[in-house]
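S.K.: The structure that follows is given in the form of structure tokens.
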Amino acid sequence: MKASGAPNNNSLQVKPVCIIGNLNIDLIIRNVPRLPTWGTEVFGESHVIVSSGQAGYIGLALTHLGIPTSIIGNVGQDVNGQQILNDLKASGADISACEKTASDQTGITVAIVRMDGERAFVSNFASLRDFDEALALRHWDKIHQAGIVGMVGTFALPNLKLNAIARLMAKAYQSGKVTMLDTGWDPSNWQDDTILGIKEVLHYVTLFMPNLDEARAITKAETVQEAGDILATLGPAVVVIKCGAEGSYAKIGGQTYFLPAQSVDVYNAVGAGDTFGAGFIYGYRRGCPIEACLAFGNSAAALYVSKDNDRYPDINDVMNIAKLYKAFSSNLIKGEV
């Protein structure tokens with residue numbers, strides 16, 4: 001059984017995934033009891049500096065799951081940029097389309113993580129301002145080679161406008177690629193022209209993977225079901241909504257699916273949505289039923305958020321957690337996974 005919206009052949013399994021998007025450094029401060037008000041200070045209990053950006057997180061998660069992955073992105077002329085390239089290369093990612101652009105500084109995000117794992121972010125775009133449509137087009141060979149092309153972290157790329165994203169996605173979609181979009185949160189709070197631009201991009205999207213807050217902002221809907229119904233009318237063959245600790249939702253044609261999250265102690269949720277996306281893509285790439293794709297995504301995210309180091313799970317670990325789901329039945333394990 002193939003997931004609706006997936007090609008009826010094995011081409012995806014033999015082609016790499018290409019991720020286009022933001023690469024930056026995350027400085028993550030954990031166990032912060034509350035955000036400070038201006039002129040005051042609060043304290044966390046630990047911090048870590050990691051290679052990140054949505055393209056970094058999902059790229060690292062994909063390679064740890066054994067999926068050949070190329071990244072189209074850019075970093076600055078500093079040690080942070082070199083760390084990102086080194087980490088991606090060490091994971092097995094193809095970084096030949098990652099440029100070192102003119103900026104002296106690589107983009108950075110300060111992530112403030114609450115006791116329960118919820119987080120807030122402050123970012124400096126820096127080198128990400130150098131990413132534009134021409135950069136992506138210079139590396140179109142990576143898109144040509146891929147079966148799945150993902151565009152992520154679009155609001156962290158201030159000079160890659162939505163009309164340019166629509167052109168890139170249309171070109172990939174019309175050449176037969178499975179296209180995936182995960183914009184991330186709009187720091188300008190989803191103005192009407194932004195929502196119109198997103199809707200234009202969605203004409204050329206196979207998999208749309210927002211979180212629940214983003215889905216609500218785009219659709220003005222209250223519930224995940226209402227948001228999914230509206231998004232499905234805008235073009236994507238598959239709408240997947242990440243609901244955090246509640247689980248994940250998908251809509252394909254007239255069918256809807258919801259899978260609760262695994263119960264785990266959350267160490268740090270920064271990057272969890274991207275790790276979910278990698279797990280979902282693992283199943284989708286293999287033509288698995290949608291319930292199995294959701295189980296892979298939930299399981300990958302659960303393992304990721306519960307660890308303080310060596311966080312990206314491999315496929316054996318993900319499989320062991322996914323088998324706990326009733327929907328992930330023995331016939332799926334034996335026949336298609």
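Quick note on naming: the chains in the structure tokens go A, B, ... in the order shown, residues restart at 1 in each chain, and ligands are numbered from 1 in order of appearance.
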Pick out the residues sitting within 7 Å of Asn31 (chain A), and hand them over as an NGL selection string; count only C-alpha atoms, and ignore anything fewer than 5 positions along from it in its own chain.
M.R.: :A and (44-45 or 113-115)
S.K.: Could the residues in this selection be saved with N, CA and C atoms as a PDB file, in the first residue's frame?
M.R.:
```
ATOM      1  N   GLY A  44      19.633  30.348  33.580  1.00  0.00           N
ATOM      2  CA  GLY A  44      19.392  28.964  33.231  1.00  0.00           C
ATOM      3  C   GLY A  44      20.390  28.068  33.944  1.00  0.00           C
ATOM      4  N   GLU A  45      20.362  26.782  33.586  1.00  0.00           N
ATOM      5  CA  GLU A  45      21.216  25.829  34.287  1.00  0.00           C
ATOM      6  C   GLU A  45      22.296  25.212  33.412  1.00  0.00           C
ATOM      7  N   VAL A 113      15.091  27.862  26.703  1.00  0.00           N
ATOM      8  CA  VAL A 113      14.264  26.678  26.911  1.00  0.00           C
ATOM      9  C   VAL A 113      13.731  26.667  28.339  1.00  0.00           C
ATOM     10  N   ARG A 114      12.421  26.577  28.468  1.00  0.00           N
ATOM     11  CA  ARG A 114      11.747  26.549  29.753  1.00  0.00           C
ATOM     12  C   ARG A 114      11.921  25.186  30.428  1.00  0.00           C
ATOM     13  N   MET A 115      11.523  25.077  31.685  1.00  0.00           N
ATOM     14  CA  MET A 115      11.667  23.823  32.435  1.00  0.00           C
ATOM     15  C   MET A 115      10.949  22.658  31.751  1.00  0.00           C
TER      16      MET A 115
END
```
S.K.: Give me the residues within 12 Å of Asn189 (chain A) as a list in words, counting only C-alpha atoms and dropping any in the same chain fewer than 2 places off.
M.R.: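 Counting only the stated atoms, we get Phe155, Gly184, Trp185, Asp186, Pro187, Gln191, Asp192, Asp193, Thr194, Ile195, Asp213, Glu214, Arg216, Ala217 and Ile218 of chain A.
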S.K.: Can you tell me, as a ChimeraX atom specification, which residues in region 74-289 of chain A count as alpha helix (DSSP H) by DSSP?
M.R.: /A:79-91,133-138,140-145,162-174,192-201,212-219,224-232,272-285
S.K.: Of the candidates A:Gly66, A:Gln262, A:Asn159, A:Asn80, which one gets nearest to Ile49 (chain A) if we count only C-alpha atoms?
M.R.: A:Asn80
S.K.: Produce a table with one row for each residue of region 140-219 of chain A that has an atom at most 9 Å from any atom of region 122-131 of chain A, each row naming the nearest atom pair and its distance in Å at one decimal; use only C-alpha atoms; arrange rows by chain and rising residue number; format as a tab-separated table.
M.R.:
```
residue	atom	partner	partner_atom	distance
A:Ala156	CA	A:Phe125	CA	6.7
A:Leu157	CA	A:Leu128	CA	5.5
A:Pro158	CA	A:Arg129	CA	5.8
A:Asn159	CA	A:Arg129	CA	5.8
A:Leu160	CA	A:Phe131	CA	6.6
```
S.K.: So how many Å separate CA of Ile25 (chain A) and CA of Asn74 (chain A), to one decimal?
M.R.: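 Spanning CA of Ile25 (chain A) to CA of Asn74 (chain A) is a straight-line distance of 11.9 Å.
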S.K.: Rounded to one decimal in Å, what is the spacing between CA of Ala292 (chain A) and CA of Leu212 (chain A)?
M.R.: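 Separation between CA of Ala292 (chain A) and CA of Leu212 (chain A): 20.3 Å.
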S.K.: May I ask which of the residues A:Lys199, A:Gly39, A:Asn22, A:Trp190 is the closest one to Ile84 (chain A), counting only C-alpha atoms?
M.R.: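 Of the candidates, the smallest distance to Ile84 (chain A) is held by A:Asn22.
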S.K.: Just how far from CA of Ala136 (chain A) is CA of Phe280 (chain A), in Å to one decimal?
M.R.: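 Computed distance, CA of Phe280 (chain A) to CA of Ala136 (chain A), equals 24.5 Å.
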S.K.: Quick one: residues within 8 Å of Met180 (chain A), only C-alpha atoms, excluding same-chain residues fewer than 4 positions away - as a PDB file with C-alpha atoms, in the first residue's frame?
M.R.:
```pdb
ATOM      1  CA  ILE A 148      12.278  14.799  -2.564  1.00  0.00           C
ATOM      2  CA  VAL A 149      13.083  18.520  -2.413  1.00  0.00           C
ATOM      3  CA  GLY A 150      12.412  20.290   0.878  1.00  0.00           C
ATOM      4  CA  MET A 151      12.263  24.042   1.415  1.00  0.00           C
ATOM      5  CA  VAL A 205       3.864  21.626  -2.663  1.00  0.00           C
ATOM      6  CA  THR A 206       3.354  17.883  -2.233  1.00  0.00           C
ATOM      7  CA  LEU A 207       4.007  17.757   1.532  1.00  0.00           C
ATOM      8  CA  PHE A 208       3.186  20.741   3.727  1.00  0.00           C
ATOM      9  CA  MET A 209       4.486  20.309   7.279  1.00  0.00           C
TER      10      MET A 209
END
```
S.K.: Where does region 10-110 of chain A meet region 305-326 of chain A within 6 Å, residue by residue, with the nearest atom pair and distance in Å to one decimal for each, counting only C-alpha atoms, listed by chain and rising number, as a tab-separated table?
M.R.:
```
residue	atom	partner	partner_atom	distance
A:Ala61	CA	A:Tyr312	CA	5.7
A:His64	CA	A:Asp314	CA	5.3
A:Leu65	CA	A:Asp314	CA	4.8
```
S.K.: Which residues are close to Lys100 (chain A), i.e. within 8 Å by only C-alpha atoms, leaving aside same-chain residues fewer than 2 positions away? Reply as a list of chain:residue names.
M.R.: A:Asn74, A:Val75, A:Gly76, A:Gln77, A:Gly81, A:Cys98, A:Ala102
S.K.: How about saving the chosen residues, C-alpha atoms kept, as a compact mmCIF listing (two decimals), in the first residue's frame?
M.R.:
```
# COMPACT_ATOMS: atom_id res chain seq x y z
CA ASN A 74 25.17 29.14 3.16
CA VAL A 75 27.32 30.11 6.13
CA GLY A 76 29.60 33.00 6.95
CA GLN A 77 33.37 33.38 7.05
CA GLY A 81 30.18 28.49 9.77
CA CYS A 98 26.76 24.94 0.88
CA ALA A 102 30.59 37.31 2.07
```
S.K.: Please provide the set of residues having any atom within 9 Å of Thr219 (chain A), restricted to only C-alpha atoms, with same-chain residues fewer than 3 positions apart removed, written as a PyMOL selection string.
M.R.: chain A and resi 195+214-216+222+226-228+230-231
S.K.: Determine, counting only C-alpha atoms, which protein, DNA and RNA residues have an atom within 9 Å of an atom of Glu246 (chain A); residues of the same chain fewer than 2 positions away are not included. Present the result as a PyMOL selection string.
M.R.: chain A and resi 242-244+248+259-262
S.K.: Could you dump the residues just selected with C-alpha atoms as a PDB file, in the first residue's frame?
M.R.:
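For reference, again_20.pdb as written:
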```
ATOM      1  CA  LYS A 242       2.979  18.828  14.090  1.00  0.00           C
ATOM      2  CA  CYS A 243       1.145  19.140  17.398  1.00  0.00           C
ATOM      3  CA  GLY A 244       4.091  18.905  19.790  1.00  0.00           C
ATOM      4  CA  SER A 248       0.795  14.596  14.852  1.00  0.00           C
ATOM      5  CA  LEU A 259      -1.279   9.739  16.187  1.00  0.00           C
ATOM      6  CA  PRO A 260      -0.549  10.707  19.812  1.00  0.00           C
ATOM      7  CA  ALA A 261       3.004  11.441  20.878  1.00  0.00           C
ATOM      8  CA  GLN A 262       5.031   8.989  22.897  1.00  0.00           C
TER       9      GLN A 262
END
```
S.K.: Considering only C-alpha atoms, state which residue in the set A:Ile28, A:Val17, A:Ala278, A:Val110 is at the smallest distance from Gly297 (chain A).
M.R.: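 Among the listed residues, A:Ala278 lies closest to Gly297 (chain A).
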S.K.: Give the strand (DSSP E) residues of region 184-311 of chain A, as DSSP finds them on the backbone, and put them as a list in words.
M.R.: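 After running DSSP on the backbone, region 184-311 of chain A has strand (DSSP E) at Leu207, Phe208, Val238, Val239, Val240, Ile241, Lys242, Gly247, Ser248, Tyr249, Ala250, Lys251, Ile252, Gln255, Thr256, Tyr257, Phe258, Leu259 and Pro260 of chain A.
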S.K.: Store the residues of this selection in a file with C-alpha atoms, as a PDB file, in the first residue's frame.
M.R.:
```pdb
ATOM      1  CA  LEU A 207       4.007  17.757   1.532  1.00  0.00           C
ATOM      2  CA  PHE A 208       3.186  20.741   3.727  1.00  0.00           C
ATOM      3  CA  VAL A 238      -0.444  15.685   2.005  1.00  0.00           C
ATOM      4  CA  VAL A 239      -0.895  18.059   4.943  1.00  0.00           C
ATOM      5  CA  VAL A 240       1.007  17.081   8.091  1.00  0.00           C
ATOM      6  CA  ILE A 241       0.536  19.221  11.212  1.00  0.00           C
ATOM      7  CA  LYS A 242       2.979  18.828  14.090  1.00  0.00           C
ATOM      8  CA  GLY A 247       1.239  14.128  18.594  1.00  0.00           C
ATOM      9  CA  SER A 248       0.795  14.596  14.852  1.00  0.00           C
ATOM     10  CA  TYR A 249      -2.024  14.929  12.330  1.00  0.00           C
ATOM     11  CA  ALA A 250      -2.214  14.234   8.617  1.00  0.00           C
ATOM     12  CA  LYS A 251      -4.798  14.780   5.910  1.00  0.00           C
ATOM     13  CA  ILE A 252      -4.650  13.075   2.505  1.00  0.00           C
ATOM     14  CA  GLN A 255      -8.790  10.797   4.936  1.00  0.00           C
ATOM     15  CA  THR A 256      -7.524  12.201   8.235  1.00  0.00           C
ATOM     16  CA  TYR A 257      -5.142  10.607  10.708  1.00  0.00           C
ATOM     17  CA  PHE A 258      -3.998  11.491  14.210  1.00  0.00           C
ATOM     18  CA  LEU A 259      -1.279   9.739  16.187  1.00  0.00           C
ATOM     19  CA  PRO A 260      -0.549  10.707  19.812  1.00  0.00           C
TER      20      PRO A 260
END
```
S.K.: Residues near Leu12 (chain A), anyone? I mean within 9 Å using only C-alpha atoms, not counting same-chain ones fewer than 6 positions away, as a list in words.
M.R.: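 Residues meeting the cut-off are Ala6, Ala146, Gly147, Ile148, Val178, Tyr284, Arg285, Arg286 and Gly287 of chain A.
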S.K.: With C-alpha atoms kept, could you save the residues just selected as a short mmCIF file (atom, residue, chain, number, x, y, z; two decimals), in the first residue's frame?
M.R.:
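Okay, this is what ended up in result-v7.cif:
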```cif
data_model
loop_
_atom_site.label_atom_id
_atom_site.label_comp_id
_atom_site.auth_asym_id
_atom_site.auth_seq_id
_atom_site.Cartn_x
_atom_site.Cartn_y
_atom_site.Cartn_z
CA ALA A 6 3.51 9.34 -3.19
CA ALA A 146 16.85 14.36 -5.74
CA GLY A 147 13.53 12.58 -5.39
CA ILE A 148 12.28 14.80 -2.56
CA VAL A 178 8.08 15.51 -4.49
CA TYR A 284 7.10 8.51 2.94
CA ARG A 285 10.21 7.91 0.86
CA ARG A 286 9.65 4.16 1.26
CA GLY A 287 5.98 4.37 0.25
#
```
